[in-house]
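Following: one structure in structure tokens, then a few remarks.
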Amino acid sequence: MTKSSSWKTLAHSATGVSHQREHIPCQDAAGMLVAGQVFIGVVADGAGSSRMSNIGSKLIVEVTKTELNKALGSIKLHEFFGFRLTWSERKTRQVFDKVLRENVKALKLKASQLRCPVEQLASTLIGFVITPKWIAVAQIGDGFVVIRESQSQEYKLVFPPEKGEFANETYFVTGRGVESKMQVSLIRSPIDFICASTDGLENVALVRATQSAHQPFFKGVENNFKSDTGSYWLKEWLENNLALNAKTSDDKTVAIGVKVHER
């Protein structure tokens, strides 16, 4: 009997304990669009120094989802399955360049409406598109994307976290010359697991010395998330786990997907 598969997904943000103490809203945002085996995910981390960055991060998520969905609609379904792959490295760069332009345009309009400098809406951006044959990813600023290819048990960090010139500094969508700071990748391989996250989980999820994914961490996340109560478990872990909150006081956000195989 032929196996079928589907994606189990979740996009969730949890306010960091430091923000709770100071009565600051969660400045992260995340979102997904899922259609069978094809889906889009976005996470954004508003700048802590920007008073309206929670608005900026939410806007970036919505604009990015919309633009990536438009890009997917511009190519035929059979191209997803690799019969005629026209989504090249060049296409990936073009798509995410347009995503960036539309985000900047939307942020400037929102800043005008709010009568504030656009820098007050500053946020990072991670966006991805997964099809049955490939994944396209872009990242501006810190945070991380970790994947596991279908034929592998290894969890791979797609990009090393981007930091700015000084400690605790990163790049934002609103920054000058941000086009040159955007990392873009097209991976021509089926994917069974993805976790895109803001930098609130870097301390527990990444091995800084080797700039790599912490294998036991992601294996545990994948196995727990696959369970019947996996979505509830993940939300509880992000929001209320005392051991986790002792290691990171920042907002914590993930867009996560696990491929579930069924007979």
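Chain labels A, B, ... are given in the sequence in which chains occur in the structure tokens; within each chain residues are numbered consecutively from 1, and ligands are likewise numbered from 1 in the order shown.
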
Which residues of stretch 34-148 of chain A come within 10 Å of stretch 20-25 of chain A, and what is each one's closest atom pair and distance in Å (one decimal), counting only C-alpha atoms, sorted by chain and residue number, as CSV?
```
residue,atom,partner,partner_atom,distance
A:Gly48,CA,A:Ile24,CA,9.7
A:Arg51,CA,A:Ile24,CA,9.3
A:Met52,CA,A:Pro25,CA,9.8
A:Ser53,CA,A:Pro25,CA,9.8
A:Asn54,CA,A:Pro25,CA,7.2
```

Write the residues you've just listed into a file as a PDB file, in the first residue's frame, and include C-alpha atoms for each of them.
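The resulting file, result-v3.pdb, is reproduced below:
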```pdb
ATOM      1  CA  GLY A  48      13.820  45.787  21.181  1.00  0.00           C
ATOM      2  CA  ARG A  51       8.773  51.196  20.420  1.00  0.00           C
ATOM      3  CA  MET A  52       6.418  50.077  17.619  1.00  0.00           C
ATOM      4  CA  SER A  53       8.359  47.071  16.396  1.00  0.00           C
ATOM      5  CA  ASN A  54       5.536  44.722  17.415  1.00  0.00           C
TER       6      ASN A  54
END
```

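The residue that comes closest to A:Glu89, out of A:Asn224, A:Ser185, A:Ser6, A:Thr174 and on the basis of only C-alpha atoms, is A:Ser185.
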
Item to check | 6 Å contact set for A:Val42, only C-alpha atoms, chain neighbours under 5 positions out, as a PyMOL selection string | outcome: chain A and resi 30-31+61+126-127

Can you write out the residues you just picked, keeping all heavy atoms, as an mmCIF file, in the first residue's frame?
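Saved result, result.cif, follows:
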```
data_model
loop_
_atom_site.group_PDB
_atom_site.id
_atom_site.type_symbol
_atom_site.label_atom_id
_atom_site.label_comp_id
_atom_site.auth_asym_id
_atom_site.auth_seq_id
_atom_site.Cartn_x
_atom_site.Cartn_y
_atom_site.Cartn_z
ATOM 1 N N ALA A 30 4.684 35.490 13.830
ATOM 2 C CA ALA A 30 4.890 34.338 12.945
ATOM 3 C C ALA A 30 3.600 34.022 12.216
ATOM 4 O O ALA A 30 2.503 34.334 12.701
ATOM 5 C CB ALA A 30 5.359 33.122 13.745
ATOM 6 N N GLY A 31 3.732 33.387 11.058
ATOM 7 C CA GLY A 31 2.545 32.995 10.319
ATOM 8 C C GLY A 31 2.865 31.947 9.282
ATOM 9 O O GLY A 31 4.030 31.769 8.897
ATOM 10 N N VAL A 61 5.137 39.857 8.559
ATOM 11 C CA VAL A 61 4.624 38.486 8.398
ATOM 12 C C VAL A 61 3.518 38.453 7.355
ATOM 13 O O VAL A 61 3.494 37.601 6.458
ATOM 14 C CB VAL A 61 4.133 37.920 9.748
ATOM 15 C CG1 VAL A 61 3.316 36.648 9.537
ATOM 16 C CG2 VAL A 61 5.320 37.626 10.657
ATOM 17 N N ILE A 126 12.547 36.163 8.506
ATOM 18 C CA ILE A 126 12.872 34.849 7.944
ATOM 19 C C ILE A 126 11.633 34.365 7.212
ATOM 20 O O ILE A 126 10.529 34.377 7.763
ATOM 21 C CB ILE A 126 13.248 33.827 9.035
ATOM 22 C CG1 ILE A 126 14.548 34.230 9.738
ATOM 23 C CG2 ILE A 126 13.408 32.431 8.423
ATOM 24 C CD1 ILE A 126 14.905 33.340 10.919
ATOM 25 N N GLY A 127 11.802 33.972 5.947
ATOM 26 C CA GLY A 127 10.693 33.450 5.174
ATOM 27 C C GLY A 127 11.111 32.213 4.407
ATOM 28 O O GLY A 127 12.268 32.098 3.997
#
```

Next on the checklist: With only C-alpha atoms as the counted atoms, please give the residues lying no more than 9 Å from A:Thr253, apart from itself and same-chain residues fewer than 5 positions off, as a PyMOL selection string.
Outcome noted: chain A and resi 11-15+28-30+43-45+196-201+238

Next on the checklist: Going by DSSP on the backbone, which residues of stretch 64-200 of chain A come out as alpha helix (DSSP H)? List them as a ChimeraX atom specification.
Outcome noted: /A:64-73,77-80,89-114

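Of the residues under consideration (A:Asp251, A:Glu222, A:Glu67, A:Asp142), A:Asp251 shows the shortest atom-to-atom contact distance to A:Glu239 when counting only C-alpha atoms.
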
Checklist entry - Using only C-alpha atoms, which of A:Ala246, A:Ala213, A:Val95, A:Ala47 sits nearest A:Ile147? => result A:Ala213

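For A:Val173, the residues within 7 Å (counting only C-alpha atoms, excluding itself and residues fewer than 3 positions away along the chain) are Val104, Ala122, Ser123, Thr124, Leu125, Ile140 and Val178 of chain A.
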
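Atom CA of A:Gln153 is positioned 9.3 Å from atom CA of A:Gln215.
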
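Take atom CA of A:Thr248 and atom CA of A:Tyr171: the distance between them is 20.6 Å.
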
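Residues lying within 9 Å of A:Val204, counting only C-alpha atoms and ignoring same-chain neighbours fewer than 6 positions away, are His214, Phe217, Leu244, Lys247 and Thr248 of chain A.
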
Given the selection you just returned, output its residues as a file containing C-alpha atoms, formatted as a PDB file, in the first residue's frame.
```pdb
ATOM      1  CA  HIS A 214      22.020  21.087  18.527  1.00  0.00           C
ATOM      2  CA  PHE A 217      17.307  19.471  20.908  1.00  0.00           C
ATOM      3  CA  LEU A 244      13.693  27.270  29.217  1.00  0.00           C
ATOM      4  CA  LYS A 247      18.036  30.244  29.856  1.00  0.00           C
ATOM      5  CA  THR A 248      16.317  32.914  27.779  1.00  0.00           C
TER       6      THR A 248
END
```

Checklist entry - Leaving out A:Thr64 and any residue of its chain fewer than 5 positions from it, which residues lie within 9 Å of it when counting only C-alpha atoms, given as a PyMOL selection string? => result chain A and resi 41-42+59+69+96+99-100+102-103+125+127

Residues just named, written with N, CA and C atoms as a compact mmCIF listing (two decimals), in the first residue's frame:
```
# COMPACT_ATOMS: atom_id res chain seq x y z
N GLY A 41 6.13 29.76 5.36
CA GLY A 41 6.28 30.14 6.77
C GLY A 41 7.08 31.42 6.90
N VAL A 42 6.76 32.21 7.92
CA VAL A 42 7.44 33.49 8.17
C VAL A 42 7.59 33.69 9.67
N LEU A 59 3.26 43.19 10.54
CA LEU A 59 3.05 43.63 9.16
C LEU A 59 3.97 42.86 8.21
N ASN A 69 2.94 33.81 -1.57
CA ASN A 69 1.79 33.12 -2.14
C ASN A 69 1.57 33.55 -3.60
N PHE A 96 12.56 36.88 -3.43
CA PHE A 96 12.77 37.46 -2.10
C PHE A 96 13.19 38.93 -2.18
N VAL A 99 9.88 40.48 -2.25
CA VAL A 99 9.33 40.41 -0.89
C VAL A 99 9.89 41.55 -0.05
N LEU A 100 11.20 41.77 -0.13
CA LEU A 100 11.84 42.83 0.65
C LEU A 100 11.33 44.20 0.22
N GLU A 102 8.47 45.02 -1.15
CA GLU A 102 7.08 45.20 -0.73
C GLU A 102 6.98 45.42 0.77
N ASN A 103 7.85 44.78 1.53
CA ASN A 103 7.87 45.01 2.98
C ASN A 103 8.30 46.43 3.31
N LEU A 125 13.59 39.35 9.55
CA LEU A 125 12.69 38.57 8.69
C LEU A 125 13.31 37.23 8.33
N GLY A 127 11.80 33.97 5.95
CA GLY A 127 10.69 33.45 5.17
C GLY A 127 11.11 32.21 4.41
```

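Distances here use only C-alpha atoms; by that measure, the residue among A:Ser49, A:Thr210, A:Ser231, A:Gln139 closest to A:Lys8 is A:Ser231.
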
Checklist entry - Residues of stretch 154-205 of chain A in strand (DSSP E) according to DSSP, as a PyMOL selection string? => result chain A and resi 156-157+183-187+191-197

Output the selection as an mmCIF file, in the first residue's frame - all heavy atoms for each residue.
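Output file out.cif is given in full below:
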```cif
data_model
loop_
_atom_site.group_PDB
_atom_site.id
_atom_site.type_symbol
_atom_site.label_atom_id
_atom_site.label_comp_id
_atom_site.auth_asym_id
_atom_site.auth_seq_id
_atom_site.Cartn_x
_atom_site.Cartn_y
_atom_site.Cartn_z
ATOM 1 N N LYS A 156 20.149 20.378 10.032
ATOM 2 C CA LYS A 156 21.125 21.299 9.457
ATOM 3 C C LYS A 156 20.666 22.741 9.618
ATOM 4 O O LYS A 156 19.516 23.079 9.344
ATOM 5 C CB LYS A 156 21.315 20.999 7.967
ATOM 6 C CG LYS A 156 21.895 19.630 7.678
ATOM 7 C CD LYS A 156 22.039 19.421 6.165
ATOM 8 C CE LYS A 156 22.613 18.056 5.846
ATOM 9 N NZ LYS A 156 22.723 17.844 4.375
ATOM 10 N N LEU A 157 21.599 23.591 10.042
ATOM 11 C CA LEU A 157 21.363 25.024 10.109
ATOM 12 C C LEU A 157 21.572 25.608 8.717
ATOM 13 O O LEU A 157 22.641 25.461 8.128
ATOM 14 C CB LEU A 157 22.338 25.653 11.110
ATOM 15 C CG LEU A 157 22.224 27.144 11.377
ATOM 16 C CD1 LEU A 157 20.893 27.478 12.044
ATOM 17 C CD2 LEU A 157 23.390 27.614 12.243
ATOM 18 N N GLN A 183 20.306 36.958 3.254
ATOM 19 C CA GLN A 183 20.818 35.644 2.855
ATOM 20 C C GLN A 183 19.699 34.860 2.178
ATOM 21 O O GLN A 183 18.567 34.840 2.668
ATOM 22 C CB GLN A 183 21.312 34.873 4.070
ATOM 23 C CG GLN A 183 22.413 35.583 4.854
ATOM 24 C CD GLN A 183 22.837 34.772 6.061
ATOM 25 O OE1 GLN A 183 23.773 33.985 6.006
ATOM 26 N NE2 GLN A 183 22.140 34.967 7.162
ATOM 27 N N VAL A 184 20.013 34.215 1.059
ATOM 28 C CA VAL A 184 19.012 33.482 0.283
ATOM 29 C C VAL A 184 19.581 32.128 -0.102
ATOM 30 O O VAL A 184 20.758 32.009 -0.449
ATOM 31 C CB VAL A 184 18.611 34.263 -0.985
ATOM 32 C CG1 VAL A 184 17.651 33.442 -1.846
ATOM 33 C CG2 VAL A 184 17.968 35.590 -0.615
ATOM 34 N N SER A 185 18.739 31.082 -0.040
ATOM 35 C CA SER A 185 19.192 29.736 -0.402
ATOM 36 C C SER A 185 18.049 28.955 -1.036
ATOM 37 O O SER A 185 16.892 29.064 -0.614
ATOM 38 C CB SER A 185 19.697 28.989 0.839
ATOM 39 O OG SER A 185 20.110 27.676 0.504
ATOM 40 N N LEU A 186 18.392 28.158 -2.063
ATOM 41 C CA LEU A 186 17.477 27.191 -2.656
ATOM 42 C C LEU A 186 18.087 25.809 -2.461
ATOM 43 O O LEU A 186 19.210 25.549 -2.914
ATOM 44 C CB LEU A 186 17.279 27.460 -4.150
ATOM 45 C CG LEU A 186 16.454 26.420 -4.911
ATOM 46 C CD1 LEU A 186 15.018 26.397 -4.417
ATOM 47 C CD2 LEU A 186 16.504 26.685 -6.420
ATOM 48 N N ILE A 187 17.379 24.929 -1.783
ATOM 49 C CA ILE A 187 17.877 23.575 -1.501
ATOM 50 C C ILE A 187 16.987 22.595 -2.256
ATOM 51 O O ILE A 187 15.798 22.474 -1.975
ATOM 52 C CB ILE A 187 17.852 23.281 0.007
ATOM 53 C CG1 ILE A 187 18.736 24.293 0.750
ATOM 54 C CG2 ILE A 187 18.320 21.844 0.289
ATOM 55 C CD1 ILE A 187 18.564 24.276 2.253
ATOM 56 N N ILE A 191 12.103 17.792 2.118
ATOM 57 C CA ILE A 191 12.316 18.149 3.522
ATOM 58 C C ILE A 191 11.244 17.478 4.374
ATOM 59 O O ILE A 191 10.064 17.484 4.022
ATOM 60 C CB ILE A 191 12.243 19.680 3.704
ATOM 61 C CG1 ILE A 191 13.255 20.398 2.804
ATOM 62 C CG2 ILE A 191 12.456 20.065 5.169
ATOM 63 C CD1 ILE A 191 14.690 20.045 3.081
ATOM 64 N N ASP A 192 11.656 16.904 5.515
ATOM 65 C CA ASP A 192 10.702 16.291 6.446
ATOM 66 C C ASP A 192 10.501 17.108 7.723
ATOM 67 O O ASP A 192 9.584 16.821 8.491
ATOM 68 C CB ASP A 192 11.159 14.885 6.834
ATOM 69 C CG ASP A 192 10.681 13.832 5.844
ATOM 70 O OD1 ASP A 192 10.152 14.198 4.767
ATOM 71 O OD2 ASP A 192 10.855 12.627 6.126
ATOM 72 N N PHE A 193 11.379 18.089 7.955
ATOM 73 C CA PHE A 193 11.273 18.880 9.197
ATOM 74 C C PHE A 193 11.860 20.256 8.948
ATOM 75 O O PHE A 193 12.890 20.406 8.281
ATOM 76 C CB PHE A 193 12.041 18.202 10.331
ATOM 77 C CG PHE A 193 12.164 19.032 11.593
ATOM 78 C CD1 PHE A 193 11.167 19.003 12.558
ATOM 79 C CD2 PHE A 193 13.267 19.844 11.809
ATOM 80 C CE1 PHE A 193 11.274 19.764 13.716
ATOM 81 C CE2 PHE A 193 13.386 20.615 12.959
ATOM 82 C CZ PHE A 193 12.386 20.564 13.921
ATOM 83 N N ILE A 194 11.189 21.270 9.499
ATOM 84 C CA ILE A 194 11.743 22.624 9.488
ATOM 85 C C ILE A 194 11.357 23.331 10.771
ATOM 86 O O ILE A 194 10.253 23.145 11.305
ATOM 87 C CB ILE A 194 11.262 23.438 8.267
ATOM 88 C CG1 ILE A 194 11.957 24.809 8.249
ATOM 89 C CG2 ILE A 194 9.737 23.585 8.254
ATOM 90 C CD1 ILE A 194 11.829 25.549 6.935
ATOM 91 N N CYS A 195 12.285 24.118 11.282
ATOM 92 C CA CYS A 195 12.011 24.991 12.424
ATOM 93 C C CYS A 195 12.668 26.335 12.142
ATOM 94 O O CYS A 195 13.898 26.426 12.075
ATOM 95 C CB CYS A 195 12.555 24.405 13.725
ATOM 96 S SG CYS A 195 12.296 25.483 15.166
ATOM 97 N N ALA A 196 11.851 27.350 11.916
ATOM 98 C CA ALA A 196 12.341 28.720 11.788
ATOM 99 C C ALA A 196 12.013 29.441 13.081
ATOM 100 O O ALA A 196 10.893 29.351 13.589
ATOM 101 C CB ALA A 196 11.683 29.417 10.603
ATOM 102 N N SER A 197 13.001 30.152 13.626
ATOM 103 C CA SER A 197 12.816 30.740 14.955
ATOM 104 C C SER A 197 13.502 32.097 15.054
ATOM 105 O O SER A 197 14.522 32.355 14.401
ATOM 106 C CB SER A 197 13.396 29.805 16.020
ATOM 107 O OG SER A 197 13.405 30.408 17.303
#
```
